[in-house]
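Report on the structure given below.
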Amino acid sequence: MPQTAQGSAEAQPKQSPVKVIRAAIVGTLVEYYDFGIFGYMATIMASLFFVSESDTAALLKTFATFAIAFFLRVPGGIFFGHIGDKYGRKSALSWTILLMVAATAAIGMLPTYITLGVWATVVLVLARCLQGFAAGGEIAGANAFVLESAPTKWRAFQTSMVNSGTYLGSLAASLVALGLSTAFTHEQIMSWAWRIPFLLSLVIGVIGIWIRNQMEDTPQFKELEGHGGTKKLPVMELLRTSGGVVVRVTFLAALITGGYYIASVYAATYLQKVGGQSSTVAFLSTSLALILGVITLPIAGYLADRYGRKPVLFAGSAGAAVLGIPMFILMSGGHAAQAMLGQSVLFIMVSVVNGSSAAAIGEMFKASVRYTGAAMGSNVSHMVLGGTAPFIATWLIGTTGSNLAPAGYFVFCALLTFGAVFFLKETKGTELNPD
């Protein structure tokens, strides 16, 4: 007798959890290295591609270009979510990494404003848009890939590892930026060495693409596909059945989008412009914060598997709200050790939420719209709160005259997440919705 779709899926050998997590982490690392290096190079890119009457105006234009990419995350999430929910998680994730590498390498080959004029700026913005489009489909797909392959009792722990890829990518970008400022003179960097971090994407990107291509799709997607459960238009099915869930995800993700970019990408600029630190100290501080974040993520995931998603989410968002302003005071005080402490504490609070939210978000959706739903909710948050965070923080200081204004934005993001947790259904120990 022929096997049922479910029986066929169950009969297939399971992929090694280590290989599944490795494939997700490596790809996400590449994506977030590529996406983050632009932010860490903001002050240099401002000088090379934007001509303005002041350094602040040039920096604002650079951060505006950084933010534009986030507006492309939403259509990118819908596009790759459609591929991932209809044709498979693996197919979508292979394309996201390929597009991201191509866009980042293109930035490294661009002529600067002095050579090409305004067209250099235009092409730079277009490359950032392509980066944003690719990034829109990455993290939600990688989380779905691991979530659907993980044992029920370890889902939060294993998905927290995926987010470590985002941190490791940002850490790699920060360390490369640090190495650049250490190994080369300012004149060399402005002349040609600034291209190195972007061109390195080609090397790590090829490795990431190769590893992902060795993987098979998730057992749950194979089962879904086997019994004809995929939808013709996943986004329409999502809006019809789970629109309210997408809104909850958008608010839940506030701290891990807006708070993340304030505590990592923008903080490197803040420490230099406000705290009076050298670029070396700023990148060392950011690297330390990211390392502590990588350590925090699996701890938060483990706690979420043991005690529930909601208690951990409450603790992380409440801690961020309470500690936001005091930690920014330390960061602006001019003492290197205090600055590092302040940034690290902020980032640890973000990581507590990040380590427990990946599973919580994926568990809200049924399999046929999981990729699209998680991508849409988190990308709207990225667009509104995350990509604009460095721009808004810089603008707030210029408008209010207060160096603590960015702390208010960080606390605002924390409170949005804290409020959203009240409306979250606890999903610890529950089975994933197969339809």
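Residue numbering restarts at 1 in every chain; chains get A, B, ... in the order shown in the structure tokens, and ligands count up from 1 in that same order.
If you count only C-alpha atoms and ignore residues fewer than 3 places along the chain from stretch 16-28 of chain A, what sits within 8 Å of it is A:Glu31, A:Tyr32, A:Leu93, A:Ile97, A:Glu138, A:Ile139, A:Ala142, A:Asn143, A:Phe145, A:Val146, A:Ser149, A:Ala150, A:Gln158, A:Met161, A:Val162, A:Asn163, A:Ser164, A:Gly165, A:Thr166, A:Gly169, A:Gly205, A:Gly208, A:Ile209, A:Ile211, A:Arg212, A:Met215.
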Would you please give, as an MDAnalysis selection string, all residues of stretch 211-303 of chain A that DSSP assigns to alpha helix (DSSP H) based on the backbone? chainID A and resid 211:213 219:226 234:252 254 260:261 267:273 279:303
Write out as a PDB file with C-alpha atoms, in the first residue's frame the residues lying within 8 Å of stretch 286-301 of chain A, counting only C-alpha atoms and excluding same-chain residues fewer than 5 positions away.
ATOM      1  CA  ALA A 156      13.572  28.135  22.024  1.00  0.00           C
ATOM      2  CA  PHE A 157      17.127  27.035  22.753  1.00  0.00           C
ATOM      3  CA  GLN A 158      17.814  25.927  19.194  1.00  0.00           C
ATOM      4  CA  THR A 159      16.199  28.948  17.536  1.00  0.00           C
ATOM      5  CA  SER A 160      18.178  31.222  19.846  1.00  0.00           C
ATOM      6  CA  MET A 161      21.267  29.852  18.092  1.00  0.00           C
ATOM      7  CA  ASN A 163      19.957  34.760  16.312  1.00  0.00           C
ATOM      8  CA  SER A 164      23.538  34.218  17.390  1.00  0.00           C
ATOM      9  CA  TYR A 167      25.225  38.811  16.397  1.00  0.00           C
ATOM     10  CA  LEU A 168      28.237  36.970  15.030  1.00  0.00           C
ATOM     11  CA  SER A 170      27.575  42.073  13.390  1.00  0.00           C
ATOM     12  CA  LEU A 171      30.571  41.089  15.528  1.00  0.00           C
ATOM     13  CA  SER A 174      32.670  45.321  14.032  1.00  0.00           C
ATOM     14  CA  LEU A 175      35.986  43.445  14.249  1.00  0.00           C
ATOM     15  CA  SER A 264      24.922  48.040  18.547  1.00  0.00           C
ATOM     16  CA  ALA A 267      26.189  52.985  19.816  1.00  0.00           C
ATOM     17  CA  ALA A 268      29.500  52.799  17.934  1.00  0.00           C
ATOM     18  CA  VAL A 312      11.783  35.685  29.981  1.00  0.00           C
ATOM     19  CA  MET A 340      31.751  49.585  27.623  1.00  0.00           C
ATOM     20  CA  GLN A 343      26.656  49.396  26.092  1.00  0.00           C
ATOM     21  CA  SER A 344      27.100  45.789  27.222  1.00  0.00           C
ATOM     22  CA  VAL A 345      24.244  45.962  29.734  1.00  0.00           C
ATOM     23  CA  PHE A 347      22.780  44.750  24.637  1.00  0.00           C
ATOM     24  CA  ILE A 348      22.379  41.936  27.155  1.00  0.00           C
ATOM     25  CA  SER A 351      19.574  39.591  23.881  1.00  0.00           C
ATOM     26  CA  VAL A 352      17.387  38.224  26.668  1.00  0.00           C
ATOM     27  CA  VAL A 353      14.347  39.184  24.613  1.00  0.00           C
ATOM     28  CA  ASN A 354      15.904  38.086  21.331  1.00  0.00           C
ATOM     29  CA  GLY A 355      16.852  34.648  22.638  1.00  0.00           C
ATOM     30  CA  SER A 356      13.298  33.832  23.693  1.00  0.00           C
TER      31      SER A 356
END
Which one is closest to A:Ser402: A:Leu147, A:Leu432, A:Ile329, A:Leu341? Count only C-alpha atoms.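 Smallest separation from A:Ser402 among the options: A:Ile329.
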Please indicate the distance in Å from atom CA of A:Val245 to atom CA of A:Gly226, rounded to one decimal place.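 Going from atom CA of A:Val245 over to atom CA of A:Gly226 covers 26.4 Å.
If you look at atom CA of A:Gly401 and atom CA of A:Thr56, they are 13.3 Å away from each other.
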At a cut-off of 9 Å, using only C-alpha atoms, what residues contact stretch 118-127 of chain A? Leave out same-chain residues fewer than 2 positions from it and give the result as a PyMOL selection string. chain A and resi 49-50+65-66+68-69+102-104+106-107+110-116+129-132
Generate the output file for the selected residues, N, CA and C atoms, as a PDB file, in the first residue's frame.
ATOM      1  N   PHE A  49      30.682  59.449   0.077  1.00  0.00           N
ATOM      2  CA  PHE A  49      29.554  59.420  -0.847  1.00  0.00           C
ATOM      3  C   PHE A  49      28.565  60.571  -0.673  1.00  0.00           C
ATOM      4  N   PHE A  50      28.750  61.399   0.360  1.00  0.00           N
ATOM      5  CA  PHE A  50      27.812  62.495   0.585  1.00  0.00           C
ATOM      6  C   PHE A  50      28.582  63.796   0.795  1.00  0.00           C
ATOM      7  N   THR A  65      20.351  56.612   4.277  1.00  0.00           N
ATOM      8  CA  THR A  65      20.607  55.533   3.320  1.00  0.00           C
ATOM      9  C   THR A  65      20.559  54.179   4.021  1.00  0.00           C
ATOM     10  N   PHE A  66      21.104  54.121   5.244  1.00  0.00           N
ATOM     11  CA  PHE A  66      21.020  52.910   6.065  1.00  0.00           C
ATOM     12  C   PHE A  66      19.558  52.541   6.297  1.00  0.00           C
ATOM     13  N   ILE A  68      16.849  53.438   4.482  1.00  0.00           N
ATOM     14  CA  ILE A  68      16.102  53.115   3.264  1.00  0.00           C
ATOM     15  C   ILE A  68      16.043  51.617   3.031  1.00  0.00           C
ATOM     16  N   ALA A  69      17.142  50.936   3.309  1.00  0.00           N
ATOM     17  CA  ALA A  69      17.181  49.491   3.087  1.00  0.00           C
ATOM     18  C   ALA A  69      16.112  48.766   3.896  1.00  0.00           C
ATOM     19  N   ALA A 102      25.943  39.687  -3.451  1.00  0.00           N
ATOM     20  CA  ALA A 102      26.108  40.462  -4.676  1.00  0.00           C
ATOM     21  C   ALA A 102      26.012  41.962  -4.404  1.00  0.00           C
ATOM     22  N   ALA A 103      25.045  42.371  -3.591  1.00  0.00           N
ATOM     23  CA  ALA A 103      24.859  43.794  -3.292  1.00  0.00           C
ATOM     24  C   ALA A 103      26.023  44.360  -2.493  1.00  0.00           C
ATOM     25  N   THR A 104      26.506  43.591  -1.519  1.00  0.00           N
ATOM     26  CA  THR A 104      27.597  44.073  -0.671  1.00  0.00           C
ATOM     27  C   THR A 104      28.895  44.198  -1.457  1.00  0.00           C
ATOM     28  N   ALA A 106      29.124  44.737  -4.579  1.00  0.00           N
ATOM     29  CA  ALA A 106      28.953  45.873  -5.497  1.00  0.00           C
ATOM     30  C   ALA A 106      29.313  47.188  -4.819  1.00  0.00           C
ATOM     31  N   ILE A 107      28.960  47.340  -3.544  1.00  0.00           N
ATOM     32  CA  ILE A 107      29.320  48.555  -2.806  1.00  0.00           C
ATOM     33  C   ILE A 107      30.836  48.687  -2.741  1.00  0.00           C
ATOM     34  N   LEU A 110      32.301  50.257  -5.933  1.00  0.00           N
ATOM     35  CA  LEU A 110      31.758  51.535  -6.409  1.00  0.00           C
ATOM     36  C   LEU A 110      32.810  52.639  -6.485  1.00  0.00           C
ATOM     37  N   PRO A 111      32.772  53.445  -7.542  1.00  0.00           N
ATOM     38  CA  PRO A 111      33.525  54.703  -7.523  1.00  0.00           C
ATOM     39  C   PRO A 111      32.909  55.632  -6.476  1.00  0.00           C
ATOM     40  N   THR A 112      33.686  56.515  -5.890  1.00  0.00           N
ATOM     41  CA  THR A 112      33.173  57.425  -4.868  1.00  0.00           C
ATOM     42  C   THR A 112      32.608  58.688  -5.500  1.00  0.00           C
ATOM     43  N   TYR A 113      32.102  59.571  -4.643  1.00  0.00           N
ATOM     44  CA  TYR A 113      31.471  60.812  -5.122  1.00  0.00           C
ATOM     45  C   TYR A 113      32.451  61.663  -5.924  1.00  0.00           C
ATOM     46  N   ILE A 114      33.690  61.692  -5.509  1.00  0.00           N
ATOM     47  CA  ILE A 114      34.692  62.507  -6.214  1.00  0.00           C
ATOM     48  C   ILE A 114      34.852  62.042  -7.667  1.00  0.00           C
ATOM     49  N   THR A 115      34.737  60.738  -7.899  1.00  0.00           N
ATOM     50  CA  THR A 115      34.924  60.173  -9.241  1.00  0.00           C
ATOM     51  C   THR A 115      33.648  60.219 -10.076  1.00  0.00           C
ATOM     52  N   LEU A 116      32.527  59.831  -9.479  1.00  0.00           N
ATOM     53  CA  LEU A 116      31.296  59.640 -10.242  1.00  0.00           C
ATOM     54  C   LEU A 116      30.218  60.663  -9.934  1.00  0.00           C
ATOM     55  N   CYS A 129      19.302  49.117  -1.078  1.00  0.00           N
ATOM     56  CA  CYS A 129      17.935  48.627  -1.246  1.00  0.00           C
ATOM     57  C   CYS A 129      17.922  47.130  -1.527  1.00  0.00           C
ATOM     58  N   LEU A 130      18.855  46.668  -2.358  1.00  0.00           N
ATOM     59  CA  LEU A 130      18.945  45.240  -2.643  1.00  0.00           C
ATOM     60  C   LEU A 130      19.333  44.458  -1.392  1.00  0.00           C
ATOM     61  N   GLN A 131      20.220  45.028  -0.575  1.00  0.00           N
ATOM     62  CA  GLN A 131      20.560  44.403   0.702  1.00  0.00           C
ATOM     63  C   GLN A 131      19.326  44.270   1.587  1.00  0.00           C
ATOM     64  N   GLY A 132      18.546  45.332   1.659  1.00  0.00           N
ATOM     65  CA  GLY A 132      17.345  45.303   2.484  1.00  0.00           C
ATOM     66  C   GLY A 132      16.338  44.284   1.997  1.00  0.00           C
TER      67      GLY A 132
END
Counting only C-alpha atoms, which residues in stretch 68-95 of chain A sit no more than 12 Å from stretch 386-392 of chain A? For each one, give the nearest pair of atoms and the distance in Å, sorted by chain then residue number, as CSV.
residue,atom,partner,partner_atom,distance
A:Ile68,CA,A:Gly387,CA,7.4
A:Ala69,CA,A:Gly387,CA,7.4
A:Phe70,CA,A:Gly387,CA,5.3
A:Phe71,CA,A:Gly387,CA,8.0
A:Leu72,CA,A:Gly387,CA,10.4
A:Arg73,CA,A:Gly387,CA,9.8
A:Val74,CA,A:Gly387,CA,11.9
Write out as a ChimeraX atom specification which residues come within 7 Å of A:Asp34 when counting only C-alpha atoms, dropping same-chain ones fewer than 4 positions away. /A:30,100,104,201
Written file, previous selection with N, CA and C atoms, as a PDB file, in the first residue's frame:
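Once written, result-v2.pdb looks like this:
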ATOM      1  N   VAL A  30      26.443  35.640   7.451  1.00  0.00           N
ATOM      2  CA  VAL A  30      26.813  36.334   6.217  1.00  0.00           C
ATOM      3  C   VAL A  30      25.884  37.511   5.968  1.00  0.00           C
ATOM      4  N   MET A 100      22.295  39.100  -1.173  1.00  0.00           N
ATOM      5  CA  MET A 100      22.995  39.945  -0.200  1.00  0.00           C
ATOM      6  C   MET A 100      24.480  40.058  -0.539  1.00  0.00           C
ATOM      7  N   THR A 104      26.506  43.591  -1.519  1.00  0.00           N
ATOM      8  CA  THR A 104      27.597  44.073  -0.671  1.00  0.00           C
ATOM      9  C   THR A 104      28.895  44.198  -1.457  1.00  0.00           C
ATOM     10  N   SER A 201      32.916  40.069   1.774  1.00  0.00           N
ATOM     11  CA  SER A 201      31.630  39.377   1.699  1.00  0.00           C
ATOM     12  C   SER A 201      31.651  38.253   0.674  1.00  0.00           C
TER      13      SER A 201
END
